[in-house]
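Here's structure35.tsv, which has TSV, C-alpha atoms:
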```tsv
chain	number	residue	atom	x	y	z
A	1	MET	CA	18.36	24.51	16.94
A	2	LYS	CA	18.40	21.72	14.37
A	3	ILE	CA	21.30	19.50	13.34
A	4	GLY	CA	20.56	17.47	10.22
A	5	VAL	CA	22.19	14.08	9.67
A	6	VAL	CA	22.21	12.70	6.12
A	7	THR	CA	21.50	9.03	5.49
A	8	PHE	CA	23.08	7.64	2.31
A	9	PRO	CA	22.60	4.05	1.13
A	10	GLY	CA	25.15	2.28	3.32
A	11	SER	CA	25.48	4.90	6.07
A	12	LEU	CA	26.11	3.20	9.43
A	13	ASP	CA	26.54	5.93	11.99
A	14	ASP	CA	23.63	8.20	11.16
A	15	ALA	CA	21.62	7.06	14.22
A	16	ASP	CA	24.59	7.63	16.55
A	17	ALA	CA	25.18	11.08	15.02
A	18	ARG	CA	21.54	12.03	15.59
A	19	ARG	CA	21.81	10.74	19.15
A	20	ALA	CA	24.99	12.78	19.75
A	21	ALA	CA	23.22	15.90	18.45
A	22	ALA	CA	20.36	15.26	20.87
A	23	VAL	CA	22.71	14.62	23.81
A	24	ALA	CA	24.34	17.98	23.03
A	25	GLY	CA	20.94	19.65	23.26
A	26	ALA	CA	20.02	20.03	19.59
A	27	GLU	CA	17.00	18.77	17.72
A	28	ALA	CA	18.30	15.99	15.46
A	29	VAL	CA	16.75	15.90	11.98
A	30	ALA	CA	17.08	12.94	9.63
A	31	LEU	CA	17.96	14.03	6.06
A	32	TRP	CA	17.73	11.71	3.06
A	33	HIS	CA	20.36	11.55	0.31
A	34	GLY	CA	17.74	11.63	-2.43
A	35	ASP	CA	16.04	14.77	-1.16
A	36	ALA	CA	17.70	18.13	-1.88
A	37	ASP	CA	15.65	19.80	0.89
A	38	LEU	CA	17.63	20.39	4.09
A	39	LEU	CA	14.39	20.93	6.07
A	40	GLY	CA	15.62	24.18	7.58
A	41	VAL	CA	18.47	22.70	9.61
A	42	ASP	CA	21.16	24.97	11.09
A	43	ALA	CA	24.05	22.52	10.61
A	44	VAL	CA	24.66	19.23	8.81
A	45	VAL	CA	26.55	16.05	9.72
A	46	LEU	CA	27.62	13.60	7.01
A	47	PRO	CA	27.97	10.37	8.99
A	48	GLY	CA	30.31	7.40	8.82
A	49	GLY	CA	29.65	4.16	7.03
A	50	PHE	CA	30.19	2.62	3.62
A	51	SER	CA	27.91	4.58	1.34
A	52	TYR	CA	27.42	2.79	-1.97
A	53	GLY	CA	29.67	0.05	-0.58
A	54	ASP	CA	32.71	2.31	-1.12
A	55	TYR	CA	32.37	1.32	-4.80
A	56	LEU	CA	34.61	3.27	-7.21
A	57	ARG	CA	36.17	5.26	-4.34
A	58	ALA	CA	34.89	5.91	-0.81
A	59	GLY	CA	32.41	8.79	-1.07
A	60	ALA	CA	32.72	9.12	-4.85
A	61	ILE	CA	29.11	8.24	-5.71
A	62	SER	CA	27.48	9.84	-2.65
A	63	ARG	CA	29.09	13.12	-3.66
A	64	PHE	CA	26.56	13.34	-6.52
A	65	ALA	CA	23.45	12.72	-4.37
A	66	PRO	CA	20.74	15.41	-4.67
A	67	VAL	CA	21.21	16.39	-1.02
A	68	MET	CA	24.87	17.15	-1.71
A	69	GLU	CA	24.02	19.77	-4.34
A	70	THR	CA	22.24	21.78	-1.65
A	71	ILE	CA	24.90	21.11	0.98
A	72	ILE	CA	27.73	22.22	-1.36
A	73	LYS	CA	25.85	25.44	-2.15
A	74	LYS	CA	24.94	26.19	1.49
A	75	ALA	CA	28.42	25.29	2.75
A	76	GLY	CA	29.71	28.05	0.48
A	77	GLU	CA	27.33	30.43	2.26
A	78	GLY	CA	28.59	29.40	5.71
A	79	LEU	CA	26.39	26.45	6.76
A	80	PRO	CA	28.35	24.39	9.32
A	81	VAL	CA	29.04	20.92	7.88
A	82	LEU	CA	30.88	18.10	9.68
A	83	GLY	CA	31.92	15.02	7.72
A	84	ILE	CA	32.90	12.09	9.91
A	85	CYS	CA	34.84	9.15	8.41
A	86	ASN	CA	32.84	8.34	5.24
A	87	GLY	CA	31.44	11.87	5.54
A	88	PHE	CA	35.03	13.23	5.42
A	89	GLN	CA	35.56	11.15	2.26
A	90	VAL	CA	32.39	12.64	0.74
A	91	LEU	CA	33.60	16.18	1.56
A	92	CYS	CA	36.96	15.53	-0.15
A	93	GLU	CA	35.26	14.00	-3.20
A	94	SER	CA	32.96	17.07	-3.29
A	95	HIS	CA	36.06	19.32	-3.26
A	96	LEU	CA	34.68	21.14	-0.21
A	97	LEU	CA	37.92	20.00	1.41
A	98	PRO	CA	41.28	19.36	-0.27
A	99	GLY	CA	43.12	16.04	-0.39
A	100	ALA	CA	41.73	12.52	-0.39
A	101	LEU	CA	41.40	9.46	1.84
A	102	ILE	CA	42.98	6.22	0.63
A	103	LYS	CA	43.43	2.74	2.12
A	104	ASN	CA	45.19	2.47	5.46
A	105	HIS	CA	48.89	1.94	4.78
A	106	HIS	CA	48.87	-1.35	6.75
A	107	ARG	CA	45.86	-2.55	4.67
A	108	LYS	CA	43.86	-3.64	7.74
A	109	PHE	CA	40.63	-2.29	9.16
A	110	VAL	CA	41.42	-0.43	12.35
A	111	CYS	CA	39.04	-0.08	15.31
A	112	LYS	CA	40.39	1.45	18.51
A	113	ASP	CA	40.22	4.29	20.98
A	114	GLN	CA	42.43	6.98	19.42
A	115	ARG	CA	44.16	9.96	21.02
A	116	LEU	CA	44.05	13.22	19.07
A	117	ARG	CA	45.19	16.76	19.56
A	118	ILE	CA	42.73	19.51	18.61
A	119	GLU	CA	45.01	22.00	16.84
A	120	ASN	CA	42.42	24.50	15.65
A	121	ASN	CA	39.73	25.43	18.18
A	122	THR	CA	38.35	28.30	16.12
A	123	THR	CA	36.23	26.28	13.69
A	124	ALA	CA	32.45	26.01	13.95
A	125	TRP	CA	32.86	22.47	15.26
A	126	THR	CA	35.78	22.81	17.73
A	127	SER	CA	35.34	26.08	19.65
A	128	ASP	CA	34.42	24.24	22.87
A	129	TYR	CA	37.89	22.65	23.03
A	130	ASP	CA	40.96	24.32	24.49
A	131	ALA	CA	43.88	24.99	22.14
A	132	ASN	CA	45.94	21.79	21.82
A	133	HIS	CA	43.30	19.90	23.84
A	134	GLU	CA	44.08	16.17	23.79
A	135	ILE	CA	41.04	13.94	23.45
A	136	THR	CA	40.33	10.22	23.06
A	137	ILE	CA	37.54	9.13	20.71
A	138	VAL	CA	36.77	6.08	18.60
A	139	LEU	CA	38.59	5.43	15.32
A	140	LYS	CA	37.30	2.81	12.88
A	141	ASN	CA	38.16	2.83	9.21
A	142	GLN	CA	39.47	1.03	6.16
A	143	ASP	CA	40.20	4.02	3.90
A	144	GLY	CA	41.44	6.44	6.54
A	145	SER	CA	44.80	7.56	5.24
A	146	PHE	CA	44.69	11.28	4.46
A	147	VAL	CA	46.84	12.21	1.46
A	148	ALA	CA	47.48	15.41	-0.47
A	149	ASP	CA	50.40	16.86	-2.39
A	150	GLU	CA	53.13	18.68	-0.49
A	151	ALA	CA	51.93	22.14	-1.51
A	152	THR	CA	48.42	21.42	-0.22
A	153	LEU	CA	49.76	20.01	3.05
A	154	ASP	CA	51.96	23.09	3.52
A	155	ARG	CA	49.00	25.35	2.81
A	156	LEU	CA	46.75	23.50	5.29
A	157	GLU	CA	49.38	23.78	8.01
A	158	GLY	CA	50.27	27.37	7.15
A	159	GLU	CA	46.64	28.48	7.29
A	160	GLY	CA	45.94	26.62	10.54
A	161	ARG	CA	43.48	24.33	8.82
A	162	VAL	CA	44.72	21.12	10.45
A	163	VAL	CA	41.87	20.73	12.94
A	164	ALA	CA	43.08	17.54	14.62
A	165	ARG	CA	46.24	15.45	14.52
A	166	TYR	CA	46.76	11.84	15.58
A	167	LEU	CA	48.93	11.15	18.61
A	168	GLY	CA	50.27	7.85	17.25
A	169	ASN	CA	49.44	7.60	13.54
A	170	PRO	CA	47.03	4.67	13.04
A	171	ASN	CA	46.62	4.62	9.25
A	172	GLY	CA	49.50	6.32	7.44
A	173	SER	CA	47.86	9.75	7.12
A	174	TYR	CA	50.34	12.31	5.83
A	175	ARG	CA	51.68	14.54	8.62
A	176	ASP	CA	49.46	12.68	11.16
A	177	ILE	CA	46.42	14.60	9.94
A	178	ALA	CA	43.11	13.36	11.41
A	179	GLY	CA	40.91	16.32	10.45
A	180	ILE	CA	40.95	19.51	8.39
A	181	SER	CA	38.70	22.48	7.69
A	182	ASN	CA	37.91	24.78	4.79
A	183	GLU	CA	39.24	28.34	4.80
A	184	ARG	CA	36.19	29.73	6.54
A	185	GLY	CA	36.15	27.03	9.24
A	186	ASN	CA	32.50	26.06	8.79
A	187	VAL	CA	33.28	22.80	6.95
A	188	VAL	CA	35.27	20.21	8.92
A	189	GLY	CA	36.24	16.66	7.97
A	190	LEU	CA	37.36	14.23	10.65
A	191	MET	CA	38.32	10.57	10.28
A	192	PRO	CA	37.71	9.46	13.92
A	193	HIS	CA	34.20	9.38	15.39
A	194	PRO	CA	33.20	11.98	18.01
A	195	GLU	CA	29.58	10.75	17.85
A	196	HIS	CA	30.64	7.46	19.46
A	197	ALA	CA	32.17	9.28	22.44
A	198	VAL	CA	29.36	11.33	23.95
A	199	GLU	CA	28.15	9.06	26.77
A	200	ASN	CA	30.07	7.07	29.37
A	201	LEU	CA	27.82	4.04	28.96
A	202	THR	CA	28.77	3.43	25.34
A	203	GLY	CA	31.92	5.42	24.61
A	204	PRO	CA	35.50	5.41	25.86
A	205	THR	CA	35.06	9.05	26.98
A	206	THR	CA	32.65	11.91	26.42
A	207	ASP	CA	35.39	13.84	24.60
A	208	GLY	CA	33.44	13.83	21.32
A	209	LEU	CA	30.57	15.88	22.67
A	210	GLY	CA	32.49	19.12	22.15
A	211	PHE	CA	32.05	18.93	18.37
A	212	PHE	CA	28.28	19.04	18.78
A	213	THR	CA	28.15	21.64	21.56
A	214	SER	CA	30.58	23.84	19.59
A	215	VAL	CA	28.31	24.01	16.58
A	216	LEU	CA	25.33	24.97	18.72
A	217	LYS	CA	27.29	28.00	19.91
A	218	ALA	CA	28.44	28.79	16.36
A	219	VAL	CA	24.83	28.79	15.16
A	220	VAL	CA	23.68	31.02	18.03
A	221	ALA	CA	26.54	33.43	17.36
A	222	SER	CA	25.78	33.74	13.64
B	1	MET	CA	28.88	-0.24	-31.26
B	2	ALA	CA	32.05	1.30	-30.01
B	3	ARG	CA	33.80	0.85	-26.74
B	4	VAL	CA	35.66	3.49	-24.80
B	5	VAL	CA	38.23	2.24	-22.31
B	6	VAL	CA	39.30	4.37	-19.37
B	7	ASP	CA	42.32	3.29	-17.33
B	8	VAL	CA	42.75	4.93	-13.94
B	9	MET	CA	45.99	4.80	-11.94
B	10	LEU	CA	47.01	6.36	-8.63
B	11	LYS	CA	49.49	9.17	-9.16
B	12	PRO	CA	53.08	7.98	-8.71
B	13	GLU	CA	53.56	9.93	-5.48
B	14	ILE	CA	50.51	8.34	-3.80
B	15	LEU	CA	51.20	5.18	-1.79
B	16	ASP	CA	49.35	2.14	-3.19
B	17	PRO	CA	48.71	-0.33	-0.33
B	18	GLN	CA	46.90	-2.80	-2.61
B	19	GLY	CA	49.77	-2.85	-5.09
B	20	LYS	CA	52.15	-3.42	-2.20
B	21	ALA	CA	50.07	-6.40	-1.02
B	22	VAL	CA	50.14	-7.91	-4.50
B	23	HIS	CA	53.88	-7.32	-4.73
B	24	GLY	CA	54.31	-9.15	-1.43
B	25	ALA	CA	52.32	-12.13	-2.78
B	26	PHE	CA	54.54	-12.23	-5.90
B	27	GLY	CA	57.52	-12.81	-3.66
B	28	ARG	CA	55.83	-15.49	-1.58
B	29	LEU	CA	54.79	-17.36	-4.76
B	30	GLY	CA	58.31	-17.30	-6.11
B	31	PHE	CA	57.80	-14.74	-8.90
B	32	ASP	CA	61.14	-13.03	-8.52
B	33	GLY	CA	62.65	-9.97	-10.13
B	34	VAL	CA	59.59	-7.75	-9.61
B	35	ALA	CA	60.58	-4.26	-8.50
B	36	ASP	CA	57.11	-2.82	-7.87
B	37	VAL	CA	53.40	-3.39	-8.47
B	38	ARG	CA	50.81	-0.61	-8.85
B	39	GLN	CA	47.12	-1.49	-9.03
B	40	GLY	CA	44.65	0.52	-11.08
B	41	LYS	CA	41.11	0.37	-12.44
B	42	ARG	CA	39.88	-0.28	-15.99
B	43	PHE	CA	36.43	0.84	-17.16
B	44	GLU	CA	35.00	-0.54	-20.41
B	45	ILE	CA	32.21	1.75	-21.57
B	46	THR	CA	30.08	0.48	-24.44
B	47	LEU	CA	28.32	3.16	-26.45
B	48	ASP	CA	24.97	2.75	-28.22
B	49	GLY	CA	26.43	3.84	-31.55
B	50	GLU	CA	29.61	5.21	-33.00
B	51	ALA	CA	32.31	6.88	-30.96
B	52	THR	CA	31.99	10.36	-32.40
B	53	GLU	CA	34.31	13.11	-31.23
B	54	GLU	CA	31.52	14.69	-29.18
B	55	ARG	CA	30.62	11.46	-27.41
B	56	VAL	CA	34.21	10.63	-26.60
B	57	ALA	CA	34.56	14.14	-25.20
B	58	GLU	CA	31.52	13.44	-22.99
B	59	ILE	CA	33.08	10.21	-21.73
B	60	ARG	CA	36.32	12.08	-21.08
B	61	LYS	CA	34.33	14.55	-18.98
B	62	ALA	CA	32.68	11.66	-17.09
B	63	ALA	CA	36.09	10.13	-16.46
B	64	ASP	CA	37.38	13.42	-15.10
B	65	THR	CA	34.23	14.02	-13.00
B	66	LEU	CA	33.45	10.55	-11.69
B	67	LEU	CA	35.76	7.71	-12.69
B	68	ALA	CA	39.00	9.33	-11.54
B	69	ASN	CA	39.69	11.66	-8.62
B	70	SER	CA	42.24	14.09	-10.04
B	71	VAL	CA	43.59	14.77	-6.54
B	72	ILE	CA	45.11	11.29	-6.35
B	73	GLU	CA	44.61	9.64	-9.75
B	74	ASP	CA	45.46	10.04	-13.44
B	75	PHE	CA	43.48	8.47	-16.27
B	76	THR	CA	44.01	7.58	-19.93
B	77	LEU	CA	41.24	7.00	-22.44
B	78	HIS	CA	41.16	5.16	-25.77
B	79	VAL	CA	38.49	3.98	-28.21
B	80	GLU	CA	38.12	0.34	-29.30
B	81	SER	CA	35.97	0.71	-32.39
B	82	ASP	CA	35.47	-2.98	-33.29
B	83	ALA	CA	33.67	-4.01	-30.09
B	84	GLN	CA	30.58	-6.20	-30.74
```
Output the file's structure in the form of C-alpha cells.
Amino acid sequence: MKIGVVTFPGSLDDADARRAAAVAGAEAVALWHGDADLLGVDAVVLPGGFSYGDYLRAGAISRFAPVMETIIKKAGEGLPVLGICNGFQVLCESHLLPGALIKNHHRKFVCKDQRLRIENNTTAWTSDYDANHEITIVLKNQDGSFVADEATLDRLEGEGRVVARYLGNPNGSYRDIAGISNERGNVVGLMPHPEHAVENLTGPTTDGLGFFTSVLKAVVAS
Amino acid sequence: MARVVVDVMLKPEILDPQGKAVHGAFGRLGFDGVADVRQGKRFEITLDGEATEERVAEIRKAADTLLANSVIEDFTLHVESDAQ
C-alpha cells in the first residue's frame, strides 16, 4: 500500500508526512510537483509548508503544478487526498474543497498543541477515530483562518462535512472549523498537523496516527 | 505598449487582519478620523503590444483564474494605454 507525499518548492513537512505514512505501515512515496505521474500510489498527502513562499495567496501557485492536474482528476474518481496546512490551502485554491484560508485573525504565527474534536469519522482519513473523539495534535500556521460564506458554512455543517473542529479557536476560523471534506469523503483538508503527532519521542501525542491508519483501511476496502 | 491594471480586494464580508493592523498604526501615529482600512493587491501587467479586446479578455481570465480567488476576493481591471 503506497501513500504518496507531494513536495512543492517550499514544502516543509513532506519528510514528516512520509515518516508518518511509514509508521502507520504504508510504503511512503515521494512525489514531485513538476511530475504529473503519481507513480501508482493509493492515496496522496499534500504536506504543510510555504510553497512558493505563500506568494499571491497561500497555495495559489502550487494549485497549478503539473502534479495537481492529475490529483484533481483522480480525486474526482475517489483517490483519497489529505491536505495538511498548506496542503489544505492548495485544496481550497484547487476548488476540491470550498472556502479559503486567510491570515490568523490575531495576525501572529501560532505554534502549539491543539485540541480538536473529530466530528466526522466516516471519511477516508478519519474512520479509525470514534465519533466526537477528542485529540491533541500540533498546530502551526500563519494563514490558518478558515472562511466561507454563510451558505457554504451551513451546507458543510448540514452535510456533515466538518471533519474536525477546534476546542478553543486559535486563529479565527469561522464556526471553529479545523478541517472539512468533499461530498464523497475522500478529500480532506486539515489545518493542524497529524503527521507531527505519530510518535511519543517527537510529538505531544500519537493522536495523529489515526489519519494514516484510516486511509490504509479505506484503500483495502475499496 | 499597453498596461493592464488589476486591483484585487477582499470581499467586504471577509475579515482583513492586515488592514486592521494598518488601521491600528494610523491611530498610534496620530492620524485620526479613520473609520476603517482595507488592504488589497495591485497588479500592473505590461503587454507586448496593444491592448486589443481579445488580449484584455485573456488578462481578465488570468485575473479570475490566478490573481484573485473569487471565494474571498473581488477584482477590477482597467487599461492604461499610454504606458511606456
Quick one: distance from CA of Ser145 in chain A to CA of Ala30 in chain A in Å, one decimal? 28.6 Å
Minimum-distance residue to Ala151 in chain A, chosen among A:Val187, A:Glu93, A:Gly34, A:Pro98 (using only C-alpha atoms):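 Answer, going by the shortest atom-to-atom distance: A:Pro98.
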Contact set, chain B to chain A: 7 Å, only C-alpha atoms, as a ChimeraX atom specification: /B:17,71-72
Kindly give the distance, in Å, that separates CA of Asn86 in chain A and CA of Ser62 in chain A, rounded to a single decimal. 9.7 Å
Would you kindly return, as a count of residues only, each protein, DNA or RNA residue with an atom no farther than 10 Å from any atom of Asp64 in chain B, considering only C-alpha atoms and excluding same-chain residues fewer than 4 positions away? 9
CA of Leu38 in chain A to CA of Val90 in chain A: how many Å, to one decimal? 17.0 Å
For Thr202 in chain A: contacts at 12 Å, all atoms listed in the file, fewer than 3 positions along chain excluded, given as a list in words: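 Non-adjacent residues within range: Asp16, Arg19, Ala20, Ile137, Val138, Glu195, His196, Ala197, Val198, Glu199, Thr205 and Thr206 of chain A.
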Give me the residues near Gly78 in chain A as an MDAnalysis selection string, where near means some atom within 9 Å (using all atoms listed in the file) and where sequence neighbours in that chain fewer than 5 positions away do not count. chainID A and resid 184:187
Contacts of Ser127 in chain A within 9 Å, all atoms listed in the file, excl. fewer than 3 positions in-chain, as a PDB file with C-alpha atoms, keeping the file's coordinate frame:
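See out.pdb below for the written result:
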```pdb
ATOM      1  CA  ASN A 120      42.420  24.500  15.650  1.00  0.00           C
ATOM      2  CA  ASN A 121      39.730  25.430  18.180  1.00  0.00           C
ATOM      3  CA  THR A 122      38.350  28.300  16.120  1.00  0.00           C
ATOM      4  CA  THR A 123      36.230  26.280  13.690  1.00  0.00           C
ATOM      5  CA  ALA A 124      32.450  26.010  13.950  1.00  0.00           C
ATOM      6  CA  ASP A 130      40.960  24.320  24.490  1.00  0.00           C
ATOM      7  CA  ALA A 131      43.880  24.990  22.140  1.00  0.00           C
ATOM      8  CA  GLY A 210      32.490  19.120  22.150  1.00  0.00           C
ATOM      9  CA  PHE A 211      32.050  18.930  18.370  1.00  0.00           C
ATOM     10  CA  THR A 213      28.150  21.640  21.560  1.00  0.00           C
ATOM     11  CA  SER A 214      30.580  23.840  19.590  1.00  0.00           C
ATOM     12  CA  VAL A 215      28.310  24.010  16.580  1.00  0.00           C
ATOM     13  CA  LYS A 217      27.290  28.000  19.910  1.00  0.00           C
ATOM     14  CA  ALA A 218      28.440  28.790  16.360  1.00  0.00           C
TER      15      ALA A 218
END
```
Which residue out of A:Lys2, A:Lys74, A:Lys140, A:Arg117 has the minimum interatomic distance to Phe212 in chain A when only C-alpha atoms are used? A:Lys2
Anything within 8 Å of (42.2, 8.5, -21.2): list those residues as a short mmCIF file (atom, residue, chain, number, x, y, z; two decimals) with C-alpha atoms, keeping the file's coordinate frame, counting all atoms listed in the file and sticking to the file's coordinates.
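Printed below is part_15.cif as written:
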```
data_model
loop_
_atom_site.label_atom_id
_atom_site.label_comp_id
_atom_site.auth_asym_id
_atom_site.auth_seq_id
_atom_site.Cartn_x
_atom_site.Cartn_y
_atom_site.Cartn_z
CA VAL B 5 38.23 2.24 -22.31
CA VAL B 6 39.30 4.37 -19.37
CA ASP B 7 42.32 3.29 -17.33
CA ARG B 60 36.32 12.08 -21.08
CA ALA B 63 36.09 10.13 -16.46
CA PHE B 75 43.48 8.47 -16.27
CA THR B 76 44.01 7.58 -19.93
CA LEU B 77 41.24 7.00 -22.44
CA HIS B 78 41.16 5.16 -25.77
#
```
What's the 6 Å shell around range 37-48 of chain B, counting only C-alpha atoms, without same-chain residues fewer than 6 positions away, as a PDB file with C-alpha atoms, keeping the file's coordinate frame?
```pdb
ATOM      1  CA  MET B   1      28.880  -0.240 -31.260  1.00  0.00           C
ATOM      2  CA  ALA B   2      32.050   1.300 -30.010  1.00  0.00           C
ATOM      3  CA  ARG B   3      33.800   0.850 -26.740  1.00  0.00           C
ATOM      4  CA  VAL B   4      35.660   3.490 -24.800  1.00  0.00           C
ATOM      5  CA  VAL B   5      38.230   2.240 -22.310  1.00  0.00           C
ATOM      6  CA  VAL B   6      39.300   4.370 -19.370  1.00  0.00           C
ATOM      7  CA  ASP B   7      42.320   3.290 -17.330  1.00  0.00           C
ATOM      8  CA  VAL B   8      42.750   4.930 -13.940  1.00  0.00           C
ATOM      9  CA  MET B   9      45.990   4.800 -11.940  1.00  0.00           C
ATOM     10  CA  GLY B  19      49.770  -2.850  -5.090  1.00  0.00           C
ATOM     11  CA  HIS B  23      53.880  -7.320  -4.730  1.00  0.00           C
TER      12      HIS B  23
END
```
